[in-house]
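Here is the structure we will look at, set down as structure tokens.
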Amino acid sequence: MTESVPALLQAIRASLDLTQTELADRLGVSFASVNRWEGGGNKPQRAPMSRILDLAAEAGVDTAEVGDVPPVAPRRRRGARMDTNTTKPMEQMLWDAACSIRGEKDAAKFKDYLLPLLFLKRLSDVFDDEISRLADEYGDRDVALEIAEADTELLRFYLPPEARWDVISARKPYDWPLDERGRSTAPKDIGEHLTKAVRAAVRYNPTLSGVIDVIDFAAERNGERDINPAKLRGVVEAFSDPRYRLGLADVQPDFLGRAYEYLLRKFAEGSGQSAGEFFTPTEVGFLMARILRPRPGETCHDYACGSGGLLIKLQLVARELDPTSKVPLKMYGQELQAESYAVARMNTIIHDMDVDLQRGDTMINPKFRDTTGGLQRHDIVVANPMWNQPFSAEIFDNDPYDRFTKAGGVTSGRGDWAWLQHTLAVMNDGGRAAVVLDTGAVTRGSGSKNEDKERNIRKWFVDHDYIEGVVLLPENLFYNTTAPGIILILSKRKQAARRGKVIVVNASQRFTKGRPKNYINDADLIELARIYQSGEPVEGELAVVEAADIEGADYNLSPAKWVSKADEVDHREVKDILSDLVALDARGAEINASLVRMLVNL
């Protein structure tokens with residue numbers, strides 16, 4: 001009987017529509033135990049085996065023929081949006097998958113294995129949705145598959161059978177072909193299957209090269225697999241949860257970026273240190289896009305694009321503002337980290353967006369240049385570069401693009417204003433930009449007796465009227481820090497009413513408490529964008545500050561300085577408070593005297 005335990009557990013889960021986590025709860029064991037049993041890693045003891053048999057009886061699974069029971073997933077209509085009340089949270093699915101390989105790889109390496117598989121699952125679910133669309137058109141799913149195989153251009157991406165998720169998860173059989181010598185090409189285990197699957201997907205879709213085929217799931221070291229096949233099977237099962245599809249109607253537009261964000265945070269928590277990256281919270285990216293209001297055909301650039309989320313949000317907002325336009329934004333992104341670059345490519349592919357992505361260090365080697373060798377300039381620039389990043393003095397001394405010395409001078413120690421100087425250099429004459437930075441960038445050096453380089457650069461930007469606005473964000477939005485952060489908005493062609501002024505917004509109270517991080521809800525996000533666009537003062541939230549006043553404050557641009565929050569406390573004069581205290585003291589003395597007289601009479 002115990003030899004058939006994996007098939008028995010799969011049959012129970014299929015019959016009762018349970019995830020491994022839920023099955024573990026029903027059996028009174030840990031998720032890891034169920035994962036090991038189902039993967040064939042070990043066998044249950046007598047007591048849990050008895051509970052498994054009881055559950056099999058409840059599920060109507062014939063244990064006598066369990067070896068013949070296929071692990072069939074519960075049916076549901078393909079392409080339909082799932083009830084949000086029954087949709088398994090993305091975070092739980094990802095964490096279940098990560099737990100499946102915990103101990104096999106360092107936490108920081110989890111995402112190298114999980115994200116390509118998550119992306120492949122997305123491609124497979126979208127493939128299923130598109131086949132369903134063709135089936136509705138031609139009246140039969142088998143006919144639709146034949147048509148798609150004959151003309152793969154009908155689909156966003158064509159997936160060969162071995163790369164489809166129902167085959168990978170063993171929910172549908174597949175007859176592997178023979179090689180030229182008549183030998184079966186069937187993989188020995190799930191690791192080999194996954195490697196074959198991603199390579200087959202790339203053969204049919206060359207644009208996926210270097211995106212999902214960067215990991216060999218069957219790699220060995222010293223005669224041992226890097227990832228145990230049973231552990232990989234656990235990842236596949238976590239992603240196979242039928243309550244969480246990744247089809248066209250199932251997930252939010254930036255779901256892959258959100259997954260990346262979540263994994264970065266979990267890895268940082270697990271290692272007790274920063275994961276080394278700052279993912280821009282989704283709502284902050286949408287706020288930046290709504291403030292900038294991109295128009296069809298504009299060129300947009302993110303020189304530290306990470307997973308590509310800020311560029312994607314610009315396009316989504318552009319479509320929202322002008323839904324009839326067929327002209328997309330022209331988008332360009334550069335990213336240093338190989339893993340983030342790969343995720344950016346996945347993200348833009350998922351959104352059917354044509355983005356020119358390049359790898360490299362923007363500060364040292366900006367990839368986007370014009371025909372004369374100078375920096376390519378854009379209508380819109382967005383970025384969330386690393387905060388307070390130190391740079392070598394050589395970058396500033398030998399800059400071939402003259403980004404620094406003529407734009408306020410060279411700074412040192414922290415590179416926030418160096419990034420803003422680069423931002424200005426890649427904006428065209430009518431360009432506008434939004435950059436996320438540490439709050440210290442708008443205050444450091446102001447009021448100092450010593451000449452401060454950051455303060456001097458701020459002065460240059462204010463004096464040249466390039467700073468249109470500063471938005472102070474709420475605390476605890478970003479995954480790698482509880483610091484609030486700011487959005488600094490630049491413009492090379494301000495509206496006439498805004499010239500010589502800076503709009504400062506204190507949005508520090510515009511948040512909804514969350515665990516573990518706060519967030520800005522949709523209503524607050526839309527309202528913040530609205531009041532910024534209106535430019536009218538809002539008590540406790542928005543002020544319009546004249547350049548002369550900023551100069552008088554020694555170029556301190558902190559919204560907390562210029563926007564006073566509404567105070568519910570009624571402050572009184574000190575002399576009035578002292579008078580009341582004297583009166584209360586006298587009244588206390590009278591009460592004490594009365595008590596003494598009463599006690600004496602007793």
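Naming scheme: A, B, ... for chains in displayed order of the structure tokens; residues 1 onward per chain; ligands 1 onward as shown.
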
Please list as a PyMOL selection string every residue within 10 Å of Asp322 of chain A, counting only C-alpha atoms and excluding residues in the same chain fewer than 5 positions away. chain A and resi 294-296+317+327

Could those selected residues go to a file with N, CA, C and O atoms, as a PDB file, in the first residue's frame?
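The result, stored in part-v3.pdb:
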ATOM      1  N   PRO A 294       1.266  60.269 -19.208  1.00  0.00           N
ATOM      2  CA  PRO A 294       1.895  60.003 -20.507  1.00  0.00           C
ATOM      3  C   PRO A 294       0.896  60.055 -21.652  1.00  0.00           C
ATOM      4  O   PRO A 294      -0.277  59.671 -21.501  1.00  0.00           O
ATOM      5  N   ARG A 295       1.361  60.516 -22.795  1.00  0.00           N
ATOM      6  CA  ARG A 295       0.517  60.638 -23.983  1.00  0.00           C
ATOM      7  C   ARG A 295       0.985  59.665 -25.062  1.00  0.00           C
ATOM      8  O   ARG A 295       2.166  59.316 -25.123  1.00  0.00           O
ATOM      9  N   PRO A 296       0.069  59.220 -25.922  1.00  0.00           N
ATOM     10  CA  PRO A 296       0.426  58.237 -26.959  1.00  0.00           C
ATOM     11  C   PRO A 296       1.648  58.670 -27.767  1.00  0.00           C
ATOM     12  O   PRO A 296       1.764  59.835 -28.170  1.00  0.00           O
ATOM     13  N   VAL A 317      -1.425  53.500 -17.725  1.00  0.00           N
ATOM     14  CA  VAL A 317      -2.096  54.779 -17.474  1.00  0.00           C
ATOM     15  C   VAL A 317      -2.341  55.526 -18.780  1.00  0.00           C
ATOM     16  O   VAL A 317      -3.387  56.162 -18.952  1.00  0.00           O
ATOM     17  N   VAL A 327      -1.689  54.122 -30.594  1.00  0.00           N
ATOM     18  CA  VAL A 327      -0.250  54.436 -30.624  1.00  0.00           C
ATOM     19  C   VAL A 327       0.355  54.162 -29.248  1.00  0.00           C
ATOM     20  O   VAL A 327       0.008  54.838 -28.275  1.00  0.00           O
TER      21      VAL A 327
END

Selection near Thr63 of chain A, 8 Å with only C-alpha atoms, sequence-local residues under 4 positions removed, as a count of residues only: 3

From a backbone DSSP assignment, name each residue in segment 109-339 of chain A labelled strand (DSSP E), as JSON, numbers by chain. {"A": [220, 221, 224, 225, 299, 300, 301, 302, 330, 331, 332, 333, 334, 335]}

May I have the selected residues written with N, CA and C atoms, as a short mmCIF file (atom, residue, chain, number, x, y, z; two decimals), in the first residue's frame?
data_model
loop_
_atom_site.label_atom_id
_atom_site.label_comp_id
_atom_site.auth_asym_id
_atom_site.auth_seq_id
_atom_site.Cartn_x
_atom_site.Cartn_y
_atom_site.Cartn_z
N GLU A 220 23.76 19.00 -12.00
CA GLU A 220 24.38 18.19 -10.94
C GLU A 220 25.67 18.83 -10.49
N ARG A 221 26.03 18.55 -9.26
CA ARG A 221 27.31 19.00 -8.71
C ARG A 221 27.83 17.89 -7.80
N GLU A 224 25.56 14.90 -7.44
CA GLU A 224 24.25 15.08 -6.84
C GLU A 224 23.51 16.21 -7.54
N ARG A 225 22.21 16.06 -7.65
CA ARG A 225 21.38 17.12 -8.23
C ARG A 225 21.40 18.37 -7.36
N THR A 299 8.19 59.07 -25.78
CA THR A 299 9.31 58.20 -25.42
C THR A 299 9.50 58.24 -23.91
N CYS A 300 9.66 57.05 -23.32
CA CYS A 300 9.76 56.93 -21.87
C CYS A 300 10.98 56.10 -21.52
N HIS A 301 11.67 56.49 -20.45
CA HIS A 301 12.93 55.84 -20.10
C HIS A 301 13.00 55.61 -18.59
N ASP A 302 13.48 54.42 -18.23
CA ASP A 302 13.80 54.11 -16.83
C ASP A 302 15.21 53.55 -16.83
N LYS A 330 6.81 54.64 -26.52
CA LYS A 330 8.09 54.06 -26.94
C LYS A 330 8.97 53.99 -25.68
N MET A 331 9.24 52.77 -25.26
CA MET A 331 9.83 52.60 -23.92
C MET A 331 11.24 52.01 -23.98
N TYR A 332 12.08 52.54 -23.10
CA TYR A 332 13.48 52.14 -23.03
C TYR A 332 13.86 51.93 -21.57
N GLY A 333 14.50 50.81 -21.27
CA GLY A 333 14.90 50.53 -19.90
C GLY A 333 16.29 49.95 -19.82
N GLN A 334 17.02 50.32 -18.79
CA GLN A 334 18.35 49.76 -18.55
C GLN A 334 18.40 49.23 -17.12
N GLU A 335 19.03 48.06 -16.95
CA GLU A 335 19.11 47.43 -15.64
C GLU A 335 20.46 46.73 -15.50
#

Residue contacts of segment 385-391 of chain A (12 Å, only C-alpha atoms) excluding same-chain residues fewer than 6 positions away, as a PyMOL selection string: chain A and resi 276-280+302-306+310+334-336+361-364+397+410-420+422-423+434-441+444+454+478+480-481+483-487

Residues near Asn205 of chain A, cut-off 12 Å, only C-alpha atoms, skip fewer than 5 positions along chain, as a PyMOL selection string: chain A and resi 123+152-153+155-160+163+198-200+210-213+349

Could you write those residues out with N, CA, C and O atoms, as a JSON list (two decimals), in the first residue's frame?
[["chain", "number", "residue", "atom", "x", "y", "z"],
["A", 123, "LEU", "N", 2.56, 31.45, -19.12],
["A", 123, "LEU", "CA", 2.50, 31.22, -20.56],
["A", 123, "LEU", "C", 1.56, 30.08, -20.88],
["A", 123, "LEU", "O", 0.79, 30.14, -21.86],
["A", 152, "THR", "N", 1.30, 28.96, -35.81],
["A", 152, "THR", "CA", 1.60, 29.41, -34.46],
["A", 152, "THR", "C", 1.49, 30.93, -34.31],
["A", 152, "THR", "O", 1.45, 31.44, -33.19],
["A", 153, "GLU", "N", 1.42, 31.66, -35.44],
["A", 153, "GLU", "CA", 1.30, 33.11, -35.37],
["A", 153, "GLU", "C", -0.05, 33.55, -34.84],
["A", 153, "GLU", "O", -0.25, 34.72, -34.50],
["A", 155, "LEU", "N", -1.21, 32.82, -32.08],
["A", 155, "LEU", "CA", -1.11, 32.90, -30.62],
["A", 155, "LEU", "C", 0.01, 33.86, -30.22],
["A", 155, "LEU", "O", 0.96, 34.08, -30.97],
["A", 156, "ARG", "N", -0.11, 34.41, -29.01],
["A", 156, "ARG", "CA", 0.98, 35.21, -28.48],
["A", 156, "ARG", "C", 2.25, 34.38, -28.42],
["A", 156, "ARG", "O", 3.32, 34.79, -28.86],
["A", 157, "PHE", "N", 2.11, 33.20, -27.81],
["A", 157, "PHE", "CA", 3.23, 32.25, -27.71],
["A", 157, "PHE", "C", 2.68, 30.85, -27.92],
["A", 157, "PHE", "O", 1.69, 30.48, -27.30],
["A", 158, "TYR", "N", 3.35, 30.10, -28.78],
["A", 158, "TYR", "CA", 2.95, 28.71, -28.97],
["A", 158, "TYR", "C", 3.80, 27.82, -28.05],
["A", 158, "TYR", "O", 5.04, 27.94, -28.02],
["A", 159, "LEU", "N", 3.15, 26.98, -27.29],
["A", 159, "LEU", "CA", 3.85, 26.05, -26.41],
["A", 159, "LEU", "C", 3.68, 24.63, -26.95],
["A", 159, "LEU", "O", 2.54, 24.17, -27.11],
["A", 160, "PRO", "N", 4.77, 23.91, -27.20],
["A", 160, "PRO", "CA", 4.66, 22.51, -27.60],
["A", 160, "PRO", "C", 4.12, 21.68, -26.44],
["A", 160, "PRO", "O", 4.17, 22.13, -25.28],
["A", 163, "ALA", "N", 5.77, 21.35, -22.96],
["A", 163, "ALA", "CA", 5.95, 22.56, -22.17],
["A", 163, "ALA", "C", 4.64, 23.06, -21.58],
["A", 163, "ALA", "O", 4.63, 24.10, -20.92],
["A", 198, "VAL", "N", 11.41, 24.19, -20.85],
["A", 198, "VAL", "CA", 11.78, 25.59, -21.11],
["A", 198, "VAL", "C", 12.57, 25.71, -22.40],
["A", 198, "VAL", "O", 12.43, 26.69, -23.14],
["A", 199, "ARG", "N", 13.40, 24.72, -22.71],
["A", 199, "ARG", "CA", 14.16, 24.78, -23.96],
["A", 199, "ARG", "C", 13.25, 24.60, -25.17],
["A", 199, "ARG", "O", 13.46, 25.24, -26.22],
["A", 200, "ALA", "N", 12.23, 23.75, -25.04],
["A", 200, "ALA", "CA", 11.27, 23.59, -26.13],
["A", 200, "ALA", "C", 10.49, 24.88, -26.35],
["A", 200, "ALA", "O", 10.23, 25.28, -27.49],
["A", 210, "GLY", "N", 17.11, 33.38, -22.93],
["A", 210, "GLY", "CA", 17.73, 34.17, -21.88],
["A", 210, "GLY", "C", 16.74, 34.66, -20.84],
["A", 210, "GLY", "O", 17.13, 35.41, -19.94],
["A", 211, "VAL", "N", 15.49, 34.24, -20.95],
["A", 211, "VAL", "CA", 14.46, 34.65, -20.00],
["A", 211, "VAL", "C", 14.06, 33.48, -19.11],
["A", 211, "VAL", "O", 14.13, 33.56, -17.89],
["A", 212, "ILE", "N", 13.64, 32.38, -19.73],
["A", 212, "ILE", "CA", 13.19, 31.24, -18.92],
["A", 212, "ILE", "C", 14.15, 30.06, -18.99],
["A", 212, "ILE", "O", 13.97, 29.09, -18.25],
["A", 213, "ASP", "N", 15.14, 30.12, -19.86],
["A", 213, "ASP", "CA", 16.05, 28.98, -20.01],
["A", 213, "ASP", "C", 17.40, 29.22, -19.35],
["A", 213, "ASP", "O", 18.40, 28.62, -19.74],
["A", 349, "ILE", "N", 7.01, 41.05, -21.74],
["A", 349, "ILE", "CA", 6.45, 40.04, -22.64],
["A", 349, "ILE", "C", 5.02, 39.72, -22.24],
["A", 349, "ILE", "O", 4.12, 39.63, -23.08]]

Distance atom CA of Thr21 of chain A-atom CA of Ala230 of chain A, one decimal place? 16.4 Å

Calculated over only C-alpha atoms, which of the candidates A:Ala47, A:Leu115, A:Ala543, A:Leu472 has the smallest distance to Ile531 of chain A?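 Of the candidates, the smallest distance to Ile531 of chain A is held by A:Ala543.
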
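Near His464 of chain A, within 10 Å and counting only C-alpha atoms, sit A:Ala407, A:Gly408, A:Arg458, A:Lys459, A:Trp460, A:Phe461, A:Val462, A:Tyr466, A:Ile467, A:Lys492, A:Gly500; same-chain residues fewer than 2 positions away were not included.
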
Helix (DSSP H, G or I) per DSSP on the backbone: members of segment 107-269 of chain A, as JSON, numbers by chain: {"A": [107, 108, 109, 110, 111, 112, 113, 114, 115, 116, 117, 118, 119, 120, 121, 122, 123, 124, 125, 126, 127, 128, 129, 130, 131, 132, 133, 134, 135, 136, 137, 138, 141, 142, 143, 144, 145, 146, 147, 148, 149, 150, 152, 153, 154, 161, 162, 163, 165, 166, 167, 168, 190, 191, 192, 193, 194, 195, 196, 197, 198, 199, 200, 201, 202, 203, 204, 206, 207, 208, 229, 230, 231, 232, 233, 234, 235, 236, 237, 238, 239, 255, 256, 257, 258, 259, 260, 261, 262, 263, 264, 265, 266, 267, 268, 269]}

Selection file, C-alpha atoms, as a short mmCIF file (atom, residue, chain, number, x, y, z; two decimals), in the first residue's frame:
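Dumped everything to selection38.cif:
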data_model
loop_
_atom_site.label_atom_id
_atom_site.label_comp_id
_atom_site.auth_asym_id
_atom_site.auth_seq_id
_atom_site.Cartn_x
_atom_site.Cartn_y
_atom_site.Cartn_z
CA ALA A 107 17.08 31.62 0.14
CA ALA A 108 18.45 34.30 -2.18
CA LYS A 109 18.58 31.71 -4.98
CA PHE A 110 14.94 30.63 -4.61
CA LYS A 111 13.74 33.22 -7.10
CA ASP A 112 16.15 31.96 -9.77
CA TYR A 113 14.14 28.72 -9.80
CA LEU A 114 10.67 29.96 -8.93
CA LEU A 115 10.28 32.92 -11.29
CA PRO A 116 11.02 31.06 -14.57
CA LEU A 117 8.54 28.36 -13.53
CA LEU A 118 5.96 30.96 -12.53
CA PHE A 119 6.45 32.58 -15.93
CA LEU A 120 6.14 29.23 -17.73
CA LYS A 121 2.90 28.58 -15.81
CA ARG A 122 1.63 31.98 -16.93
CA LEU A 123 2.50 31.22 -20.56
CA SER A 124 0.76 27.85 -20.32
CA ASP A 125 -2.43 29.29 -18.82
CA VAL A 126 -2.52 32.05 -21.44
CA PHE A 127 -1.96 29.39 -24.12
CA ASP A 128 -4.97 27.47 -22.76
CA ASP A 129 -7.06 30.64 -22.78
CA GLU A 130 -6.17 31.35 -26.39
CA ILE A 131 -6.92 27.79 -27.46
CA SER A 132 -10.30 28.17 -25.74
CA ARG A 133 -10.84 31.35 -27.73
CA LEU A 134 -10.07 29.52 -30.97
CA ALA A 135 -12.30 26.62 -29.87
CA ASP A 136 -15.19 29.06 -29.45
CA GLU A 137 -14.52 30.28 -32.97
CA TYR A 138 -14.10 26.88 -34.64
CA ARG A 141 -10.88 22.29 -28.97
CA ASP A 142 -9.01 19.57 -30.88
CA VAL A 143 -9.58 21.46 -34.12
CA ALA A 144 -8.36 24.64 -32.43
CA LEU A 145 -5.15 22.89 -31.35
CA GLU A 146 -4.55 21.60 -34.89
CA ILE A 147 -5.06 25.08 -36.33
CA ALA A 148 -2.71 26.63 -33.72
CA GLU A 149 -0.03 24.02 -34.41
CA ALA A 150 -0.32 24.69 -38.14
CA THR A 152 1.60 29.41 -34.46
CA GLU A 153 1.30 33.11 -35.37
CA LEU A 154 -2.32 32.96 -34.23
CA PRO A 161 2.91 19.72 -25.65
CA GLU A 162 5.86 18.93 -23.37
CA ALA A 163 5.95 22.56 -22.17
CA TRP A 165 1.53 22.75 -17.56
CA ASP A 166 -0.96 19.87 -17.56
CA VAL A 167 1.76 17.66 -19.02
CA ILE A 168 4.47 19.02 -16.70
CA ILE A 190 10.72 16.26 -13.21
CA GLY A 191 14.05 18.12 -13.25
CA GLU A 192 14.89 16.84 -16.73
CA HIS A 193 11.32 17.48 -17.84
CA LEU A 194 11.41 21.13 -16.73
CA THR A 195 14.70 21.74 -18.52
CA LYS A 196 13.33 20.13 -21.69
CA ALA A 197 10.13 22.16 -21.33
CA VAL A 198 11.78 25.59 -21.11
CA ARG A 199 14.16 24.78 -23.96
CA ALA A 200 11.27 23.59 -26.13
CA ALA A 201 9.38 26.81 -25.37
CA VAL A 202 12.41 28.84 -26.46
CA ARG A 203 12.75 26.88 -29.72
CA TYR A 204 9.26 27.96 -30.74
CA PRO A 206 13.10 32.83 -29.69
CA THR A 207 12.22 36.03 -27.78
CA LEU A 208 12.15 33.91 -24.61
CA PRO A 229 13.44 16.05 -8.09
CA ALA A 230 10.96 15.41 -5.27
CA LYS A 231 11.42 19.02 -4.13
CA LEU A 232 10.86 20.28 -7.67
CA ARG A 233 7.69 18.21 -7.84
CA GLY A 234 6.53 20.09 -4.75
CA VAL A 235 7.08 23.42 -6.55
CA VAL A 236 5.12 22.18 -9.56
CA GLU A 237 2.27 21.07 -7.30
CA ALA A 238 2.20 24.44 -5.52
CA PHE A 239 1.89 26.20 -8.88
CA PHE A 255 1.48 40.13 -10.98
CA LEU A 256 5.02 39.04 -11.89
CA GLY A 257 6.49 42.21 -10.44
CA ARG A 258 4.43 41.67 -7.29
CA ALA A 259 5.76 38.11 -7.05
CA TYR A 260 9.30 39.41 -7.41
CA GLU A 261 8.59 42.03 -4.75
CA TYR A 262 7.28 39.40 -2.35
CA LEU A 263 10.21 37.05 -2.88
CA LEU A 264 12.73 39.84 -2.38
CA ARG A 265 11.13 40.69 0.95
CA LYS A 266 10.97 37.08 2.13
CA PHE A 267 14.61 36.49 1.21
CA ALA A 268 15.66 39.65 3.03
CA GLU A 269 13.75 38.55 6.12
#

Find the residues near segment 427-430 of chain A: any atom within 8 Å, counting only C-alpha atoms, skip ones fewer than 5 places away on the same chain, and give them as a PyMOL selection string. chain A and resi 377-381+491-493

Nearest to Trp562 of chain A, chosen from A:Leu94, A:Ile526, A:Arg510, A:Pro537, with only C-alpha atoms counted in the distances: A:Pro537

Counting only C-alpha atoms, which residues of segment 397-494 of chain A fall within 6 Å of segment 504-507 of chain A, and what is the closest atom pair for each with its distance in Å at one decimal, ordered by chain and rising number, as JSON lines?
{"residue": "A:Gly469", "atom": "CA", "partner": "A:Val504", "partner_atom": "CA", "distance": 5.5}
{"residue": "A:Val470", "atom": "CA", "partner": "A:Val504", "partner_atom": "CA", "distance": 4.9}
{"residue": "A:Val471", "atom": "CA", "partner": "A:Val505", "partner_atom": "CA", "distance": 4.7}
{"residue": "A:Leu472", "atom": "CA", "partner": "A:Asn506", "partner_atom": "CA", "distance": 5.0}
{"residue": "A:Leu473", "atom": "CA", "partner": "A:Ala507", "partner_atom": "CA", "distance": 5.3}
